[in-house]
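Have a look at model.tsv; it's TSV, C-alpha atoms:
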```
chain	number	residue	atom	x	y	z
A	1298	MET	CA	0.00	0.00	0.00
A	1299	GLN	CA	1.55	3.26	-1.07
A	1300	ARG	CA	1.31	6.33	1.10
A	1301	MET	CA	-1.30	9.02	0.56
A	1302	GLU	CA	1.50	11.59	0.55
A	1303	ASP	CA	2.65	10.08	-2.73
A	1304	LEU	CA	-0.79	10.25	-4.28
A	1305	PRO	CA	-0.36	13.50	-6.23
A	1306	ARG	CA	2.94	12.30	-7.66
A	1307	ARG	CA	1.45	8.96	-8.66
A	1308	LEU	CA	-1.58	10.68	-10.14
A	1309	LYS	CA	0.66	12.91	-12.20
A	1310	ARG	CA	2.58	9.86	-13.39
A	1311	GLY	CA	-0.72	8.37	-14.55
A	1312	ASP	CA	-0.69	5.38	-12.21
A	1313	PRO	CA	-4.15	3.75	-12.65
A	1314	ALA	CA	-4.20	2.50	-9.05
A	1315	ALA	CA	-3.70	6.07	-7.89
A	1316	PHE	CA	-6.88	7.17	-9.66
A	1317	ASP	CA	-8.81	4.45	-7.91
A	1318	GLU	CA	-7.27	5.53	-4.60
A	1319	PHE	CA	-8.09	9.15	-5.30
A	1320	HIS	CA	-11.67	8.17	-6.06
A	1321	ARG	CA	-12.02	6.23	-2.81
A	1322	ALA	CA	-10.39	8.93	-0.71
A	1323	TYR	CA	-12.05	12.02	-2.10
A	1324	SER	CA	-15.24	11.33	-4.05
A	1325	GLY	CA	-17.41	11.14	-0.93
A	1326	ARG	CA	-15.77	14.17	0.65
A	1327	LEU	CA	-16.13	16.21	-2.51
A	1328	LEU	CA	-19.82	15.35	-2.78
A	1329	ARG	CA	-20.40	16.30	0.85
A	1330	PHE	CA	-18.45	19.55	0.43
A	1331	VAL	CA	-20.48	20.53	-2.63
A	1332	THR	CA	-23.79	19.53	-1.07
A	1333	ARG	CA	-23.19	21.55	2.07
A	1334	LEU	CA	-21.90	24.59	0.25
A	1335	VAL	CA	-24.37	24.96	-2.59
A	1336	GLY	CA	-27.19	22.59	-1.71
A	1337	LEU	CA	-28.38	19.22	-2.87
A	1338	ARG	CA	-29.74	20.16	-6.27
A	1339	ASP	CA	-27.27	19.17	-8.97
A	1340	ALA	CA	-24.70	18.36	-6.27
A	1341	GLU	CA	-23.71	15.10	-7.90
A	1342	ASP	CA	-23.25	16.72	-11.29
A	1343	LEU	CA	-21.24	19.48	-9.72
A	1344	ALA	CA	-19.13	17.03	-7.73
A	1345	GLN	CA	-18.36	15.19	-10.94
A	1346	GLU	CA	-17.47	18.48	-12.58
A	1347	VAL	CA	-15.03	19.09	-9.73
A	1348	TYR	CA	-13.66	15.60	-10.22
A	1349	VAL	CA	-13.06	16.11	-13.91
A	1350	ARG	CA	-11.57	19.56	-13.38
A	1351	VAL	CA	-9.18	18.22	-10.76
A	1352	LEU	CA	-7.97	15.40	-12.98
A	1353	ARG	CA	-7.63	17.76	-15.89
A	1354	SER	CA	-5.64	20.24	-13.81
A	1355	LEU	CA	-3.22	17.71	-12.36
A	1356	PRO	CA	-0.36	18.67	-14.71
A	1357	ALA	CA	-0.51	22.17	-13.23
A	1358	TYR	CA	-0.37	20.93	-9.64
A	1359	ARG	CA	2.87	21.91	-7.91
A	1360	GLU	CA	4.09	19.55	-5.23
A	1361	GLU	CA	4.98	22.31	-2.82
A	1362	GLN	CA	1.24	22.96	-2.52
A	1363	ARG	CA	-0.77	20.94	-0.03
A	1364	PHE	CA	-2.81	18.58	-2.18
A	1365	GLU	CA	-6.06	18.92	-0.25
A	1366	SER	CA	-5.79	22.68	-0.27
A	1367	TRP	CA	-5.34	22.65	-4.03
A	1368	LEU	CA	-8.15	20.14	-4.50
A	1369	PHE	CA	-10.73	21.98	-2.43
A	1370	THR	CA	-9.72	25.32	-3.87
A	1371	ILE	CA	-10.81	23.99	-7.26
A	1372	ALA	CA	-14.00	22.65	-5.71
A	1373	ASN	CA	-14.66	25.99	-4.08
A	1374	HIS	CA	-14.24	27.90	-7.35
A	1375	LEU	CA	-16.74	25.67	-9.12
A	1376	CYS	CA	-19.17	25.97	-6.21
A	1377	VAL	CA	-18.90	29.76	-6.30
A	1378	ASP	CA	-19.67	29.70	-10.02
A	1379	ALA	CA	-22.67	27.45	-9.40
A	1380	HIS	CA	-23.84	29.65	-6.54
A	1381	ARG	CA	-23.67	32.73	-8.75
A	1382	ARG	CA	-25.67	30.99	-11.45
A	1383	ARG	CA	-28.49	30.18	-9.09
A	1384	ARG	CA	-28.03	32.63	-6.27
A	1385	ALA	CA	-31.68	32.82	-5.37
A	1386	THR	CA	-32.14	29.27	-4.17
A	1387	VAL	CA	-30.32	27.18	-1.64
A	1388	GLU	CA	-31.45	23.60	-1.45
A	1389	PRO	CA	-31.59	21.81	1.89
A	1390	LEU	CA	-28.17	20.78	3.12
A	1391	GLY	CA	-27.31	17.30	4.28
A	1392	VAL	CA	-30.61	15.87	3.17
A	1393	GLU	CA	-29.00	12.56	2.42
A	1394	ALA	CA	-27.48	12.32	5.89
A	1395	PRO	CA	-30.25	10.24	7.50
A	1396	ARG	CA	-29.42	7.35	5.22
A	1397	ARG	CA	-25.94	7.24	6.64
A	1398	TYR	CA	-26.77	7.44	10.32
A	1399	GLU	CA	-25.14	4.75	12.37
A	1400	PRO	CA	-27.51	2.83	14.66
A	1401	ASP	CA	-25.44	3.69	17.72
A	1402	TRP	CA	-25.32	7.37	16.97
A	1403	ALA	CA	-27.19	8.73	19.97
A	1404	ALA	CA	-30.47	10.44	19.17
A	1405	ALA	CA	-29.52	13.51	21.18
A	1406	ARG	CA	-26.28	13.90	19.26
A	1407	ARG	CA	-28.12	13.45	16.00
A	1408	GLU	CA	-30.57	16.19	16.92
A	1409	GLN	CA	-27.72	18.53	17.72
A	1410	PHE	CA	-26.05	17.68	14.46
A	1411	GLU	CA	-29.21	18.36	12.50
A	1412	ALA	CA	-29.66	21.65	14.34
A	1413	VAL	CA	-26.13	22.71	13.42
A	1414	LEU	CA	-26.70	21.75	9.78
A	1415	ALA	CA	-29.96	23.68	9.71
A	1416	GLU	CA	-28.26	26.75	11.11
A	1417	LEU	CA	-25.41	26.36	8.64
A	1418	ARG	CA	-27.92	26.29	5.80
A	1419	GLY	CA	-29.32	29.61	6.95
A	1420	LEU	CA	-25.98	31.41	6.99
A	1421	PRO	CA	-25.02	33.87	4.25
A	1422	PHE	CA	-23.06	32.06	1.53
A	1423	GLU	CA	-19.76	33.77	2.39
A	1424	GLN	CA	-19.94	32.73	6.03
A	1425	ARG	CA	-21.00	29.18	5.21
A	1426	GLN	CA	-18.20	29.01	2.65
A	1427	VAL	CA	-15.50	29.89	5.18
A	1428	PHE	CA	-16.92	27.47	7.73
A	1429	ILE	CA	-17.05	24.58	5.26
A	1430	LEU	CA	-13.63	25.32	3.83
A	1431	ARG	CA	-12.24	25.15	7.36
A	1432	GLU	CA	-14.24	22.22	8.70
A	1433	ASP	CA	-14.89	20.00	5.69
A	1434	ALA	CA	-11.99	20.82	3.39
A	1435	GLY	CA	-9.54	21.25	6.27
A	1436	LEU	CA	-7.95	24.43	4.93
A	1437	SER	CA	-6.23	26.68	7.43
A	1438	PHE	CA	-7.53	30.22	7.77
A	1439	LYS	CA	-4.49	31.51	5.89
A	1440	GLU	CA	-5.16	29.06	3.08
A	1441	ILE	CA	-8.78	30.14	3.00
A	1442	ALA	CA	-7.71	33.78	2.80
A	1443	ARG	CA	-5.48	32.95	-0.17
A	1444	THR	CA	-8.19	30.86	-1.81
A	1445	LEU	CA	-10.78	33.60	-1.49
A	1446	ASP	CA	-8.29	36.40	-2.12
A	1447	GLU	CA	-9.54	38.14	1.01
A	1448	PRO	CA	-7.64	39.54	4.01
A	1449	LEU	CA	-7.18	37.10	6.87
A	1450	GLY	CA	-9.18	39.45	9.11
A	1451	THR	CA	-12.19	39.23	6.80
A	1452	VAL	CA	-12.02	35.44	6.78
A	1453	LEU	CA	-11.79	35.33	10.57
A	1454	ALA	CA	-14.70	37.76	10.90
A	1455	ARG	CA	-16.89	35.59	8.67
A	1456	MET	CA	-15.90	32.52	10.64
A	1457	LYS	CA	-16.65	34.27	13.90
A	1458	TYR	CA	-20.14	35.25	12.78
A	1459	ALA	CA	-20.80	31.75	11.50
A	1460	MET	CA	-19.49	30.20	14.69
A	1461	ASP	CA	-21.50	32.60	16.85
A	1462	ARG	CA	-24.69	31.51	15.12
A	1463	LEU	CA	-23.88	27.84	15.49
A	1464	ARG	CA	-22.87	28.26	19.12
A	1465	ALA	CA	-26.09	30.10	19.80
A	1466	ARG	CA	-28.04	27.27	18.23
A	1467	LEU	CA	-26.48	24.77	20.58
A	1468	SER	CA	-26.35	27.05	23.61
A	1469	PRO	CA	-29.19	29.55	23.15
A	1470	ARG	CA	-28.38	33.05	24.29
A	1471	GLU	CA	-28.41	36.55	22.90
A	1472	VAL	CA	-27.46	36.52	19.23
A	1473	LYS	CA	-26.73	39.46	17.02
A	1474	GLU	CA	-27.40	39.37	13.31
A	1475	HIS	CA	-24.27	39.95	11.29
A	1476	ALA	CA	-23.39	40.29	7.67
A	1477	VAL	CA	-19.84	40.45	6.37
B	1150	MET	CA	-20.73	41.36	27.93
B	1151	PRO	CA	-18.45	39.40	25.59
B	1152	CYS	CA	-14.75	39.93	25.95
B	1153	ASP	CA	-13.36	41.99	23.10
B	1154	ARG	CA	-9.68	41.29	23.64
B	1155	PHE	CA	-7.56	39.17	21.28
B	1156	ALA	CA	-10.35	39.28	18.71
B	1157	GLU	CA	-8.42	37.72	15.83
B	1158	ILE	CA	-6.33	35.38	17.91
B	1159	ARG	CA	-9.23	33.64	19.63
B	1160	LEU	CA	-10.37	31.67	16.58
B	1161	LEU	CA	-6.85	30.96	15.37
B	1162	HIS	CA	-6.04	29.65	18.83
B	1163	ALA	CA	-9.18	27.51	18.98
B	1164	TYR	CA	-8.10	25.84	15.73
B	1165	GLY	CA	-4.51	25.44	16.82
B	1166	GLU	CA	-3.21	27.82	14.18
B	1167	VAL	CA	-1.38	30.19	16.49
B	1168	GLU	CA	0.53	30.08	19.73
B	1169	SER	CA	0.05	33.07	21.94
B	1170	PRO	CA	1.32	32.98	25.52
B	1171	ASP	CA	-0.40	36.33	26.13
B	1172	PHE	CA	-3.76	34.95	25.08
B	1173	GLU	CA	-3.26	31.77	27.09
B	1174	THR	CA	-2.57	33.88	30.16
B	1175	HIS	CA	-5.72	35.85	29.44
B	1176	LEU	CA	-7.71	32.66	28.85
B	1177	ALA	CA	-6.82	31.41	32.31
B	1178	THR	CA	-8.61	34.35	33.88
B	1179	CYS	CA	-11.38	35.28	31.40
B	1180	VAL	CA	-14.62	33.41	31.91
B	1181	GLU	CA	-16.10	34.67	28.61
B	1182	CYS	CA	-13.16	33.54	26.51
B	1183	ARG	CA	-13.10	30.14	28.19
B	1184	ALA	CA	-16.82	29.71	27.55
B	1185	GLU	CA	-16.34	30.68	23.91
B	1186	ALA	CA	-13.49	28.21	23.48
B	1187	ARG	CA	-15.56	25.47	25.07
B	1188	GLU	CA	-18.55	26.20	22.84
B	1189	ILE	CA	-16.43	26.26	19.70
B	1190	ASP	CA	-15.13	22.82	20.64
B	1191	GLU	CA	-18.70	21.68	21.17
B	1192	VAL	CA	-19.89	22.94	17.78
B	1193	ARG	CA	-16.96	21.26	16.08
B	1194	GLY	CA	-17.54	18.05	18.00
B	1195	VAL	CA	-21.19	17.96	16.98
B	1196	TYR	CA	-20.43	18.91	13.38
B	1197	HIS	CA	-17.88	16.14	13.01
B	1198	SER	CA	-19.91	13.56	14.87
B	1199	GLU	CA	-21.55	12.49	11.62
B	1200	PRO	CA	-20.01	9.35	10.16
B	1201	PRO	CA	-17.42	10.12	7.48
B	1202	PRO	CA	-18.76	10.23	3.93
B	1203	ALA	CA	-18.70	7.04	1.97
B	1204	PRO	CA	-16.90	7.14	-1.35
B	1205	LEU	CA	-19.07	6.90	-4.43
B	1206	ARG	CA	-18.88	3.18	-4.84
B	1207	ALA	CA	-21.09	0.27	-5.70
B	1208	PRO	CA	-22.38	-2.37	-3.29
B	1209	ASP	CA	-21.29	-6.01	-3.19
B	1210	ALA	CA	-21.16	-7.36	-6.73
B	1211	LYS	CA	-22.42	-10.78	-5.59
B	1212	ARG	CA	-25.59	-9.28	-4.20
B	1213	LEU	CA	-26.21	-6.86	-7.03
B	1214	PRO	CA	-24.52	-8.02	-10.20
B	1215	LEU	CA	-25.54	-4.93	-12.12
B	1216	ALA	CA	-24.10	-2.63	-9.46
B	1217	GLY	CA	-20.94	-4.72	-9.40
B	1218	TRP	CA	-20.64	-4.30	-13.12
B	1219	ALA	CA	-21.18	-0.57	-12.72
B	1220	ALA	CA	-18.47	-0.41	-10.08
B	1221	ALA	CA	-15.98	-2.21	-12.25
B	1222	ALA	CA	-16.92	-0.11	-15.25
B	1223	ALA	CA	-16.70	3.13	-13.33
B	1224	ALA	CA	-13.40	2.23	-11.71
B	1225	GLY	CA	-12.02	1.42	-15.13
B	1226	VAL	CA	-13.40	4.58	-16.64
B	1227	VAL	CA	-12.09	6.69	-13.76
B	1228	ALA	CA	-8.63	5.25	-14.22
B	1229	VAL	CA	-8.66	5.49	-17.99
B	1230	THR	CA	-10.23	8.92	-18.04
B	1231	GLY	CA	-7.91	10.17	-15.34
B	1232	TRP	CA	-4.94	9.07	-17.37
B	1233	PHE	CA	-6.49	10.48	-20.51
B	1234	LEU	CA	-7.29	13.86	-18.97
B	1235	MET	CA	-3.71	14.29	-17.86
B	1236	GLN	CA	-2.16	13.84	-21.25
B	1237	PRO	CA	-0.77	17.06	-22.74
B	1238	ALA	CA	-2.58	18.33	-25.84
B	1239	PRO	CA	-4.89	15.35	-25.99
B	1240	ARG	CA	-6.49	16.22	-29.32
B	1241	GLN	CA	-5.11	13.21	-31.13
B	1242	MET	CA	-4.15	10.16	-29.15
B	1243	PRO	CA	-1.89	7.52	-30.71
B	1244	VAL	CA	-3.83	4.50	-31.84
B	1245	THR	CA	-2.99	1.41	-29.80
B	1246	PRO	CA	-4.44	-1.67	-31.46
B	1247	VAL	CA	-4.94	-3.80	-28.32
B	1248	GLY	CA	-7.57	-3.68	-25.59
B	1249	SER	CA	-11.01	-2.13	-25.54
B	1250	GLU	CA	-9.87	0.73	-23.29
B	1251	ALA	CA	-7.11	1.66	-25.70
B	1252	ARG	CA	-9.55	1.66	-28.56
B	1253	LEU	CA	-11.94	3.72	-26.48
B	1254	MET	CA	-9.33	6.39	-25.94
B	1255	SER	CA	-7.81	6.47	-29.37
B	1256	GLY	CA	-10.44	8.09	-31.53
B	1257	VAL	CA	-12.86	9.69	-29.12
B	1258	SER	CA	-12.92	13.34	-28.14
B	1259	ILE	CA	-12.19	14.40	-24.58
B	1260	ASP	CA	-15.74	15.67	-24.24
B	1261	ARG	CA	-17.08	12.25	-25.06
B	1262	GLN	CA	-14.69	10.71	-22.58
B	1263	ILE	CA	-15.89	13.08	-19.90
B	1264	ALA	CA	-19.51	12.42	-20.81
B	1265	SER	CA	-18.78	8.74	-20.54
B	1266	VAL	CA	-17.26	8.95	-17.07
B	1267	ARG	CA	-20.12	11.13	-15.90
B	1268	GLU	CA	-22.65	8.65	-17.14
B	1269	ARG	CA	-20.86	5.75	-15.52
B	1270	LEU	CA	-20.55	7.60	-12.24
B	1271	ARG	CA	-24.22	8.54	-12.40
B	1272	ILE	CA	-25.17	4.90	-12.84
B	1273	LEU	CA	-22.90	4.06	-9.95
B	1274	ARG	CA	-24.53	6.64	-7.70
B	1275	ILE	CA	-28.01	5.52	-8.56
B	1276	THR	CA	-27.23	1.90	-7.79
B	1277	GLU	CA	-25.71	2.89	-4.47
B	1278	LYS	CA	-28.83	4.82	-3.51
B	1279	ASP	CA	-31.07	1.97	-4.54
B	1280	PHE	CA	-29.01	-0.36	-2.45
```

Can you present the structure in this file as structure tokens?
Amino acid sequence: MQRMEDLPRRLKRGDPAAFDEFHRAYSGRLLRFVTRLVGLRDAEDLAQEVYVRVLRSLPAYREEQRFESWLFTIANHLCVDAHRRRRATVEPLGVEAPRRYEPDWAAARREQFEAVLAELRGLPFEQRQVFILREDAGLSFKEIARTLDEPLGTVLARMKYAMDRLRARLSPREVKEHAV
Amino acid sequence: MPCDRFAEIRLLHAYGEVESPDFETHLATCVECRAEAREIDEVRGVYHSEPPPAPLRAPDAKRLPLAGWAAAAAAGVVAVTGWFLMQPAPRQMPVTPVGSEARLMSGVSIDRQIASVRERLRILRITEKDF
């Protein structure tokens, strides 16, 4: 079993096993990322678009970049395009989640999770985007700032507002409405 | 009244992206900042409590032969298309006279290749849902 760290290099070499590995490692995460960021409608098509774009862009990938950062930056760009095309509507997020619930996942925890997802869905796109890039894509705040071409302070402010809303949902208290 | 000190550092610290002895000293004495840090951890814990996403894959081929076929087809198409997409200037691929995959790649446009992988992946996804 080759190491995941070698995956980009093996992908660039055209190793067929690496494509299969890439598919297993990232297809589910990409679909979840897209679904949570832009909604369920057309999420699978969009995830596949991301997939194709990533494979097509591999020759341009530089190994000094963190692979996941590069990968989810591409996904983010396509999601932003999709969001602009259909700005008016946001489909429910995480609708498919119930099918994946584990039997031993405590009901209380599940309720909290659904509450957080519902709150996330209601956030302005820019706040949801920063939250998902941090939590689902695993980008650092500096990487997010570079990806979005925004100052780090703006990224942190969006994250703070998003986090305040989610915290308030779990621990109800006074909440201020924000827009950044 | 929320604490307004270390505004930018608080989140970076919560995510382990900065070390700040000054903030850590402050955290030891500020009830508001400690509560915020605890609640951020809670939100993250809840958010990541969902099981990790499954890859887009087909179920057991023995139980669903069609889905098994779709999995094999899609895996093959992913590999072939991945290789194909990476080739520089892929307008005209060299003709390799052996193997159905080679023939598939040789005379078909990249758009048709992409359409093919999309279709296979769509079939794959549908069979997974049905399962």

Fill in the blank from the handout: Using only C-alpha atoms, the shortest atom-to-atom distance to chain B among A:Phe1316, A:Phe1422, A:Phe1428, A:Tyr1358 belongs to A:Phe1316

Give one line per residue of chain A that approaches chain B to at most 6 Å, naming the two atoms of the closest pair and their distance in Å to one decimal, counting only C-alpha atoms; sort by chain then ascending residue number and deliver it as a tab-separated table.
```
residue	atom	partner	partner_atom	distance
A:Gly1311	CA	B:Trp1232	CA	5.1
A:Pro1313	CA	B:Ala1228	CA	5.0
A:Phe1316	CA	B:Ala1228	CA	5.2
A:Arg1321	CA	B:Pro1204	CA	5.2
A:Ser1324	CA	B:Pro1204	CA	5.3
A:Gly1325	CA	B:Pro1204	CA	4.1
A:Arg1326	CA	B:Pro1202	CA	5.9
A:Leu1352	CA	B:Gly1231	CA	5.7
A:Arg1353	CA	B:Leu1234	CA	5.0
A:Phe1410	CA	B:Val1195	CA	5.5
```

Exercise for the section: Could you check which of A:Ala1434, A:Ala1314, A:Leu1308, A:Ala1405 is closest to Ser1354 of chain A, using only C-alpha atoms? Expected result: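 Residue with the minimum atom-to-atom distance to Ser1354 of chain A: A:Leu1308.
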
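Atom CA of Arg1329 of chain A is positioned 12.2 Å from atom CA of Leu1414 of chain A.
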
Problem - Atom pair atom CA of Val1347 of chain A / atom CA of Ala1315 of chain A: separation (Å) - result: 17.4 Å

Completion exercise
Correct to one decimal, the distance atom CA of Cys1152 of chain B-atom CA of Leu1176 of chain B is 10.5 Å

Practice task
Would you mind telling me which residue in A:Glu1361, A:Arg1333, A:Ala1340, A:Pro1448 lies nearest to Glu1416 of chain A when using all atoms listed in the file?
Solution key: A:Arg1333

Practice task
Measuring atom to atom with all atoms listed in the file, identify which of A:Ile1429, A:Val1335, A:Ala1412, A:Ala1357 is nearest to Phe1369 of chain A.
Solution key: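 Result for the nearest residue to Phe1369 of chain A: A:Ile1429.
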
Handout entry: Residues within 9 Å of Val1351 of chain A, all atoms listed in the file, excluding chain neighbours under 3 positions, as a count of residues only
Key = 9

Fill in the blank from the handout: Shortest contact to Ala1442 of chain A, candidates A:Arg1464, A:Gln1409, A:Arg1383, A:Thr1370, atoms counted only C-alpha atoms, goes to A:Thr1370

Practice task
May I have the residues within 8 Å of Arg1462 of chain A as a list in words, using all atoms listed in the file and disregarding those fewer than 3 positions away in the same chain?
Solution key: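 The neighbour list is Glu1416, Tyr1458, Ala1459, Ala1465, Arg1466 and Val1472 of chain A.
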
Reconstruct N, CA and C atoms of segment 1308-1332 of chain A; output as a PDB file, keeping the file's coordinate frame.
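Listed below is the output, part.pdb:
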```
ATOM      1  N   LEU A1308      -0.534  10.228  -9.216  1.00  0.00           N
ATOM      2  CA  LEU A1308      -1.580  10.680 -10.140  1.00  0.00           C
ATOM      3  C   LEU A1308      -0.959  11.366 -11.355  1.00  0.00           C
ATOM      4  N   LYS A1309       0.027  12.191 -11.092  1.00  0.00           N
ATOM      5  CA  LYS A1309       0.660  12.910 -12.200  1.00  0.00           C
ATOM      6  C   LYS A1309       1.393  11.958 -13.134  1.00  0.00           C
ATOM      7  N   ARG A1310       1.904  10.853 -12.556  1.00  0.00           N
ATOM      8  CA  ARG A1310       2.580   9.860 -13.390  1.00  0.00           C
ATOM      9  C   ARG A1310       1.580   9.055 -14.215  1.00  0.00           C
ATOM     10  N   GLY A1311       0.297   9.114 -13.829  1.00  0.00           N
ATOM     11  CA  GLY A1311      -0.720   8.370 -14.550  1.00  0.00           C
ATOM     12  C   GLY A1311      -0.895   6.949 -14.055  1.00  0.00           C
ATOM     13  N   ASP A1312      -0.539   6.710 -12.801  1.00  0.00           N
ATOM     14  CA  ASP A1312      -0.690   5.380 -12.210  1.00  0.00           C
ATOM     15  C   ASP A1312      -2.188   5.066 -12.037  1.00  0.00           C
ATOM     16  N   PRO A1313      -2.709   4.039 -12.737  1.00  0.00           N
ATOM     17  CA  PRO A1313      -4.150   3.750 -12.650  1.00  0.00           C
ATOM     18  C   PRO A1313      -4.619   3.465 -11.231  1.00  0.00           C
ATOM     19  N   ALA A1314      -3.793   2.797 -10.436  1.00  0.00           N
ATOM     20  CA  ALA A1314      -4.200   2.500  -9.050  1.00  0.00           C
ATOM     21  C   ALA A1314      -4.363   3.792  -8.258  1.00  0.00           C
ATOM     22  N   ALA A1315      -3.596   4.803  -8.602  1.00  0.00           N
ATOM     23  CA  ALA A1315      -3.700   6.070  -7.890  1.00  0.00           C
ATOM     24  C   ALA A1315      -5.046   6.736  -8.155  1.00  0.00           C
ATOM     25  N   PHE A1316      -5.565   6.585  -9.367  1.00  0.00           N
ATOM     26  CA  PHE A1316      -6.880   7.170  -9.660  1.00  0.00           C
ATOM     27  C   PHE A1316      -7.964   6.485  -8.844  1.00  0.00           C
ATOM     28  N   ASP A1317      -7.836   5.182  -8.721  1.00  0.00           N
ATOM     29  CA  ASP A1317      -8.810   4.450  -7.910  1.00  0.00           C
ATOM     30  C   ASP A1317      -8.716   4.898  -6.449  1.00  0.00           C
ATOM     31  N   GLU A1318      -7.491   5.084  -5.982  1.00  0.00           N
ATOM     32  CA  GLU A1318      -7.270   5.530  -4.600  1.00  0.00           C
ATOM     33  C   GLU A1318      -7.831   6.940  -4.387  1.00  0.00           C
ATOM     34  N   PHE A1319      -7.573   7.781  -5.358  1.00  0.00           N
ATOM     35  CA  PHE A1319      -8.090   9.150  -5.300  1.00  0.00           C
ATOM     36  C   PHE A1319      -9.620   9.118  -5.217  1.00  0.00           C
ATOM     37  N   HIS A1320     -10.213   8.289  -6.041  1.00  0.00           N
ATOM     38  CA  HIS A1320     -11.670   8.170  -6.060  1.00  0.00           C
ATOM     39  C   HIS A1320     -12.195   7.746  -4.689  1.00  0.00           C
ATOM     40  N   ARG A1321     -11.556   6.730  -4.116  1.00  0.00           N
ATOM     41  CA  ARG A1321     -12.020   6.230  -2.810  1.00  0.00           C
ATOM     42  C   ARG A1321     -11.812   7.265  -1.712  1.00  0.00           C
ATOM     43  N   ALA A1322     -10.712   7.984  -1.793  1.00  0.00           N
ATOM     44  CA  ALA A1322     -10.390   8.930  -0.710  1.00  0.00           C
ATOM     45  C   ALA A1322     -11.202  10.216  -0.793  1.00  0.00           C
ATOM     46  N   TYR A1323     -11.512  10.661  -1.987  1.00  0.00           N
ATOM     47  CA  TYR A1323     -12.050  12.020  -2.100  1.00  0.00           C
ATOM     48  C   TYR A1323     -13.446  12.146  -2.702  1.00  0.00           C
ATOM     49  N   SER A1324     -13.953  11.133  -3.381  1.00  0.00           N
ATOM     50  CA  SER A1324     -15.240  11.330  -4.050  1.00  0.00           C
ATOM     51  C   SER A1324     -16.349  11.638  -3.045  1.00  0.00           C
ATOM     52  N   GLY A1325     -16.374  10.894  -1.941  1.00  0.00           N
ATOM     53  CA  GLY A1325     -17.410  11.140  -0.930  1.00  0.00           C
ATOM     54  C   GLY A1325     -17.253  12.502  -0.279  1.00  0.00           C
ATOM     55  N   ARG A1326     -16.015  12.867   0.008  1.00  0.00           N
ATOM     56  CA  ARG A1326     -15.770  14.170   0.650  1.00  0.00           C
ATOM     57  C   ARG A1326     -16.133  15.324  -0.284  1.00  0.00           C
ATOM     58  N   LEU A1327     -15.818  15.142  -1.559  1.00  0.00           N
ATOM     59  CA  LEU A1327     -16.130  16.210  -2.510  1.00  0.00           C
ATOM     60  C   LEU A1327     -17.650  16.378  -2.633  1.00  0.00           C
ATOM     61  N   LEU A1328     -18.359  15.262  -2.665  1.00  0.00           N
ATOM     62  CA  LEU A1328     -19.820  15.350  -2.780  1.00  0.00           C
ATOM     63  C   LEU A1328     -20.405  16.027  -1.546  1.00  0.00           C
ATOM     64  N   ARG A1329     -19.897  15.680  -0.381  1.00  0.00           N
ATOM     65  CA  ARG A1329     -20.400  16.300   0.850  1.00  0.00           C
ATOM     66  C   ARG A1329     -20.078  17.796   0.863  1.00  0.00           C
ATOM     67  N   PHE A1330     -18.866  18.138   0.475  1.00  0.00           N
ATOM     68  CA  PHE A1330     -18.450  19.550   0.430  1.00  0.00           C
ATOM     69  C   PHE A1330     -19.389  20.340  -0.470  1.00  0.00           C
ATOM     70  N   VAL A1331     -19.632  19.823  -1.656  1.00  0.00           N
ATOM     71  CA  VAL A1331     -20.480  20.530  -2.630  1.00  0.00           C
ATOM     72  C   VAL A1331     -21.912  20.624  -2.105  1.00  0.00           C
ATOM     73  N   THR A1332     -22.407  19.540  -1.556  1.00  0.00           N
ATOM     74  CA  THR A1332     -23.790  19.530  -1.070  1.00  0.00           C
ATOM     75  C   THR A1332     -23.988  20.558   0.038  1.00  0.00           C
TER      76      THR A1332
END
```
